[in-house]
Each structure stands twice: as structure tokens, then as C-alpha cells.
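**Student:** My questions will all concern the structure given below.
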Amino acid sequence: MAEDDRDRMPFLLLLPNLVTIAGMCLGLTSIRFTMVGEFQTAVILVLLAGLIDGMDGLIARRLRATSEFGAELDSLSDFLCFAVAPGLLVYRFALGEAHALGWVFVLVFAAAGCLRLARFNVTRSEDGAGKTHFTGVPAPAGAMLALLPVYLTLSGIFDVRDAPVLTAAWLGIAGVLMISRVPTISPKAMRVPRWGVGAMLMGTVIVVGLVFSRFWVLMVVLDLIYVATLIPAIWKGRRSLLR
């Protein structure tokens, strides 16, 4: 092998890390739009970062380009995009300086996201880790839950800015769910029965239609559906939620 070839990395091996960096940039840009009050744009950027987060791991596995460097980079990006950015967004949108106690819950949520990712890092090498279920709500899903108050306001269902205490409490609940021992759905373990394939396809059509007509209502519905899937596991393991 020529020396020049040894000093060059195949582009496909670098691609997953490039996707991760792109997601991190979306998270940072979301914070920028939050600071100037462009909350709808900020939320959409967090959602896009969530989509990218699902893509980089898939790309890495398909290209057999997984690495310890890529895994650590992904976790750092996730902390920014799904712990820091959503917490700041909710704080600026619904809490603000008039409700300084809300900042405590922002810190709780961000710290929970950090702990969730740290736990994932030390357990990801275990056999079966993440294949049948996740332990606790994953960071991207936690961010989507944290943003529920924003969805409710933007959809016109309920203005959470009139209830800052409830908003702060919900942020704390989302943080607790991330560091809990509740088993949550892993896409890798999902199986669709043959009779449900048609329903899934039609459901996709409906979702796409709602994206362009009632986007914020759709996000509220998706969040509530996800919460409904958590309730049985939370009730079953209520005595050992954080053990």
C-alpha cells in the first residue's frame, strides 16, 4: 500500500461524522433563533436535529463505519441538541426572567440529559443494549416531550405562558423520565404484523398531510401517543423508577 493511501481516509468512513456535525450545527442554530425570539424556527431546527440523529447511526452501521470517536461525538452533539437547546427554548418561550425558579428546572432537564447520555455511553457495549428496548426515555424523545408546552401554544390549544409553574414542572418530569429505569420502545425491536402494513402506509399519508396543514397539532398528538406508551411501564415500575 502506498504511503499516500495510508494517509487518506475513505470519504464514506467520514460521512457519519459529517452528518453528526450537521446535526450539532442545527442545535446551535436553534439556540441562536431562541435568543432572538424566533421560536417556531428554533423548534423546527431541534426536530430536524432529531431526524439527523437517527440517520447518522444508521448510516454508520450500513457503511460499517462505526467508531468510538463517532459514538462520543454523537453523544456530545445530542447533549447540545436535546438537552441544552430544548431547555433554553422552553425557558425563553414560557418561563423567562419573570419566573426565575423555572431556571432550576431547566438545569434539572439539562443535567438529566447529560446523565442519560453518560449512562448510554457506558452501557452501549453490553449485549443486547438498545436492541429490545431503551432504559429511560432517549435524549431525542426527551427533547420532544420537553417541547410539548411549546407545541400546545403554537397549535392554539392552550397558551402555557399563562401557567409557567406547570411548564416548569413538565420540564422536570421530562428530565426524570430520561434518567428513569422505565423500559421504552426501541425502533430496532418494533415488528409490524402483516395486517397492520396497510394501516401504517395510510397512517404515513395522514401524517404527511398534517405536516403541511396542522403541524403543531400533529406534534401534540405524537407526544401524547408516546406518553401513552410510557404509562404502563411507569405504573409497573413505579417503586423502582430511579433505581
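Going through the C-alpha cells in order, the chains are called A, B, and so on, while each chain numbers its residues from 1 and the ligands are numbered from 1 in the order shown.
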Set the distance at 9 Å and use only C-alpha atoms: which residues neighbour range 79-87 of chain A once local chain neighbours fewer than 5 positions away are removed? I'd like the list as a ChimeraX atom specification.

**Tutor:** /A:23-28,30-31,34,42-43,46,49-50,74,92,103,105-107,109-114,117,139-144,146-147,171,175

**Student:** What gap, in Å, lies between CA of Ile157 in chain A and CA of Leu222 in chain A?

**Tutor:**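 Spanning CA of Ile157 in chain A to CA of Leu222 in chain A is a straight-line distance of 14.7 Å.
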
**Student:** Excluding Phe69 in chain A and residues on its chain fewer than 3 positions from it, collect all residues at most 12 Å away from it, counting only C-alpha atoms, and give them as a list of chain:residue names.

**Tutor:**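 Selected residues are A:Leu13, A:Leu14, A:Pro16, A:Asn17, A:Thr20, A:Ala60, A:Ala65, A:Thr66, A:Glu72, A:Leu73, A:Asp74, A:Ser75, A:Leu76, A:Asn121.
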
**Student:** Need the shell around Asp56 in chain A: protein/DNA/RNA residues with any atom at most 6 Å away, counting only C-alpha atoms. Skip same-chain ones fewer than 2 positions apart. Format as a list in words?

**Tutor:**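 Close residues of Asp56 in chain A: Pro16, Val19, Asp53, Gly54, Leu58 and Ile59 of chain A.
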
**Student:** Enter the distance from CA of Arg194 in chain A to CA of Val220 in chain A, in Å, rounded to one decimal.

**Tutor:**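 Going from CA of Arg194 in chain A over to CA of Val220 in chain A, I get 28.3 Å.
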
**Student:** Rank nothing, just name the residue among A:Gly96, A:Gly156, A:Pro183, A:Pro138 nearest to Leu115 in chain A, using only C-alpha atoms.

**Tutor:**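 The closest residue to Leu115 in chain A is A:Pro138.
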
**Student:** What are the DSSP alpha helix (DSSP H) residues of range 16-241 of chain A, as number ranges by chain?

**Tutor:** A: 16-35, 39-62, 68-79, 85-90, 102-123, 139-146, 148-154, 164-179, 194-211, 215-236

**Student:** Restricted to C-alpha atoms, what would the selected residues look like written as a compact mmCIF listing (two decimals), in the first residue's frame?

**Tutor:**
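New file part-v9.txt:
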```txt
# COMPACT_ATOMS: atom_id res chain seq x y z
CA PRO A 16 -21.48 9.58 9.57
CA ASN A 17 -19.37 12.12 11.48
CA LEU A 18 -20.20 14.81 8.93
CA VAL A 19 -23.90 14.09 9.47
CA THR A 20 -23.41 14.30 13.25
CA ILE A 21 -21.65 17.67 12.92
CA ALA A 22 -24.51 18.92 10.73
CA GLY A 23 -26.98 17.96 13.47
CA MET A 24 -24.86 19.77 16.07
CA CYS A 25 -24.94 22.89 13.90
CA LEU A 26 -28.74 22.70 13.79
CA GLY A 27 -28.82 22.55 17.59
CA LEU A 28 -26.55 25.57 17.90
CA THR A 29 -28.58 27.48 15.33
CA SER A 30 -31.75 26.61 17.25
CA ILE A 31 -30.25 28.33 20.29
CA ARG A 32 -29.46 31.37 18.15
CA PHE A 33 -33.08 31.62 16.95
CA THR A 34 -34.31 31.10 20.52
CA MET A 35 -32.25 34.09 21.66
CA PHE A 39 -39.39 30.12 18.45
CA GLN A 40 -41.07 28.27 15.59
CA THR A 41 -37.82 28.15 13.65
CA ALA A 42 -35.95 27.08 16.78
CA VAL A 43 -38.34 24.17 17.39
CA ILE A 44 -38.16 23.01 13.78
CA LEU A 45 -34.34 23.00 13.94
CA VAL A 46 -34.44 20.78 17.04
CA LEU A 47 -36.82 18.42 15.24
CA LEU A 48 -34.51 18.31 12.23
CA ALA A 49 -31.59 17.57 14.55
CA GLY A 50 -33.62 14.64 15.87
CA LEU A 51 -34.09 13.28 12.36
CA ILE A 52 -30.39 13.64 11.65
CA ASP A 53 -29.56 11.90 14.93
CA GLY A 54 -31.46 8.86 13.71
CA MET A 55 -29.68 8.99 10.37
CA ASP A 56 -26.05 9.16 11.47
CA GLY A 57 -26.13 5.92 13.43
CA LEU A 58 -27.98 4.15 10.64
CA ILE A 59 -25.50 5.40 8.05
CA ALA A 60 -22.56 4.34 10.21
CA ARG A 61 -23.93 0.81 10.63
CA ARG A 62 -24.81 0.42 6.95
CA GLU A 68 -15.55 5.12 19.35
CA PHE A 69 -14.78 8.63 18.10
CA GLY A 70 -18.09 8.78 16.24
CA ALA A 71 -20.02 7.48 19.26
CA GLU A 72 -18.52 10.10 21.58
CA LEU A 73 -19.08 12.87 19.03
CA ASP A 74 -22.71 11.78 18.70
CA SER A 75 -23.23 11.96 22.47
CA LEU A 76 -21.75 15.44 22.70
CA SER A 77 -23.95 16.59 19.84
CA ASP A 78 -27.01 15.00 21.49
CA PHE A 79 -26.33 16.84 24.75
CA ALA A 85 -31.30 23.68 23.20
CA PRO A 86 -34.80 22.48 24.29
CA GLY A 87 -34.26 23.65 27.86
CA LEU A 88 -33.27 27.15 26.77
CA LEU A 89 -36.11 27.22 24.25
CA VAL A 90 -38.78 26.39 26.82
CA GLY A 102 -38.07 27.95 36.11
CA TRP A 103 -34.32 28.10 35.52
CA VAL A 104 -33.88 25.43 38.20
CA PHE A 105 -35.99 23.05 36.12
CA VAL A 106 -34.01 23.93 33.01
CA LEU A 107 -30.88 22.90 34.90
CA VAL A 108 -32.59 19.69 36.05
CA PHE A 109 -33.58 18.84 32.50
CA ALA A 110 -30.13 19.57 31.05
CA ALA A 111 -28.40 17.61 33.82
CA ALA A 112 -30.76 14.69 33.28
CA GLY A 113 -29.96 14.71 29.58
CA CYS A 114 -26.24 14.66 30.39
CA LEU A 115 -26.68 11.75 32.83
CA ARG A 116 -28.85 9.88 30.34
CA LEU A 117 -26.18 10.11 27.66
CA ALA A 118 -23.40 9.18 30.10
CA ARG A 119 -25.31 6.05 31.11
CA PHE A 120 -25.88 5.17 27.47
CA ASN A 121 -22.16 5.54 26.75
CA VAL A 122 -21.14 3.07 29.45
CA THR A 123 -23.83 0.51 28.59
CA ALA A 139 -32.46 12.05 24.66
CA PRO A 140 -34.19 12.96 21.35
CA ALA A 141 -37.54 11.70 22.65
CA GLY A 142 -36.93 13.56 25.92
CA ALA A 143 -36.43 16.75 23.93
CA MET A 144 -39.69 16.18 22.07
CA LEU A 145 -41.50 15.70 25.39
CA ALA A 146 -39.91 18.83 26.85
CA LEU A 148 -44.83 19.80 24.44
CA PRO A 149 -45.71 23.14 26.11
CA VAL A 150 -44.40 24.96 23.05
CA TYR A 151 -46.43 22.72 20.74
CA LEU A 152 -49.59 23.37 22.78
CA THR A 153 -49.17 27.13 22.50
CA LEU A 154 -48.26 27.22 18.81
CA PRO A 164 -45.37 28.87 33.98
CA VAL A 165 -45.38 26.61 37.07
CA LEU A 166 -46.95 23.74 35.12
CA THR A 167 -44.50 24.29 32.28
CA ALA A 168 -41.52 24.17 34.64
CA ALA A 169 -42.88 21.04 36.33
CA TRP A 170 -43.33 19.33 32.96
CA LEU A 171 -39.73 20.12 32.06
CA GLY A 172 -38.65 18.44 35.28
CA ILE A 173 -40.84 15.40 34.57
CA ALA A 174 -39.29 15.02 31.12
CA GLY A 175 -35.85 15.10 32.74
CA VAL A 176 -36.80 12.45 35.29
CA LEU A 177 -38.14 10.18 32.55
CA MET A 178 -34.79 10.37 30.75
CA ILE A 179 -32.83 9.12 33.78
CA ARG A 194 -48.91 -8.16 8.10
CA TRP A 195 -52.43 -6.96 8.73
CA GLY A 196 -51.02 -3.67 10.03
CA VAL A 197 -48.87 -2.83 6.99
CA GLY A 198 -51.75 -1.15 5.15
CA ALA A 199 -52.68 0.86 8.22
CA MET A 200 -49.06 2.00 8.62
CA LEU A 201 -48.91 3.12 5.00
CA MET A 202 -52.17 5.05 5.27
CA GLY A 203 -51.05 6.50 8.59
CA THR A 204 -47.95 7.82 6.87
CA VAL A 205 -50.16 9.55 4.30
CA ILE A 206 -52.18 11.18 7.07
CA VAL A 207 -49.05 12.30 8.93
CA VAL A 208 -47.58 13.88 5.80
CA GLY A 209 -50.86 15.71 5.21
CA LEU A 210 -50.89 17.03 8.77
CA VAL A 211 -47.27 18.17 8.47
CA PHE A 215 -48.15 20.64 12.06
CA TRP A 216 -48.24 21.75 15.70
CA VAL A 217 -51.40 19.77 16.40
CA LEU A 218 -49.64 16.74 14.92
CA MET A 219 -46.69 17.24 17.28
CA VAL A 220 -49.04 17.42 20.27
CA VAL A 221 -50.73 14.18 19.18
CA LEU A 222 -47.41 12.38 18.64
CA ASP A 223 -46.17 13.49 22.06
CA LEU A 224 -49.36 12.28 23.75
CA ILE A 225 -49.18 8.93 21.95
CA TYR A 226 -45.61 8.50 23.16
CA VAL A 227 -46.61 9.38 26.72
CA ALA A 228 -49.41 6.80 26.49
CA THR A 229 -46.86 4.11 25.61
CA LEU A 230 -44.86 5.03 28.73
CA ILE A 231 -47.72 4.91 31.24
CA PRO A 232 -47.96 1.07 31.61
CA ALA A 233 -44.19 0.75 32.18
CA ILE A 234 -44.17 3.70 34.60
CA TRP A 235 -47.02 2.20 36.62
CA LYS A 236 -45.44 -1.25 36.66
```

**Student:** Could you jot down the CA of Val36 in chain A to CA of Ala163 in chain A separation for me, Å, one decimal place?

**Tutor:** 22.4 Å

**Student:** Just list as a PyMOL selection string whatever in range 62-219 of chain A DSSP marks as strand (DSSP E or B).

**Tutor:** chain A and resi 133-135+183-185
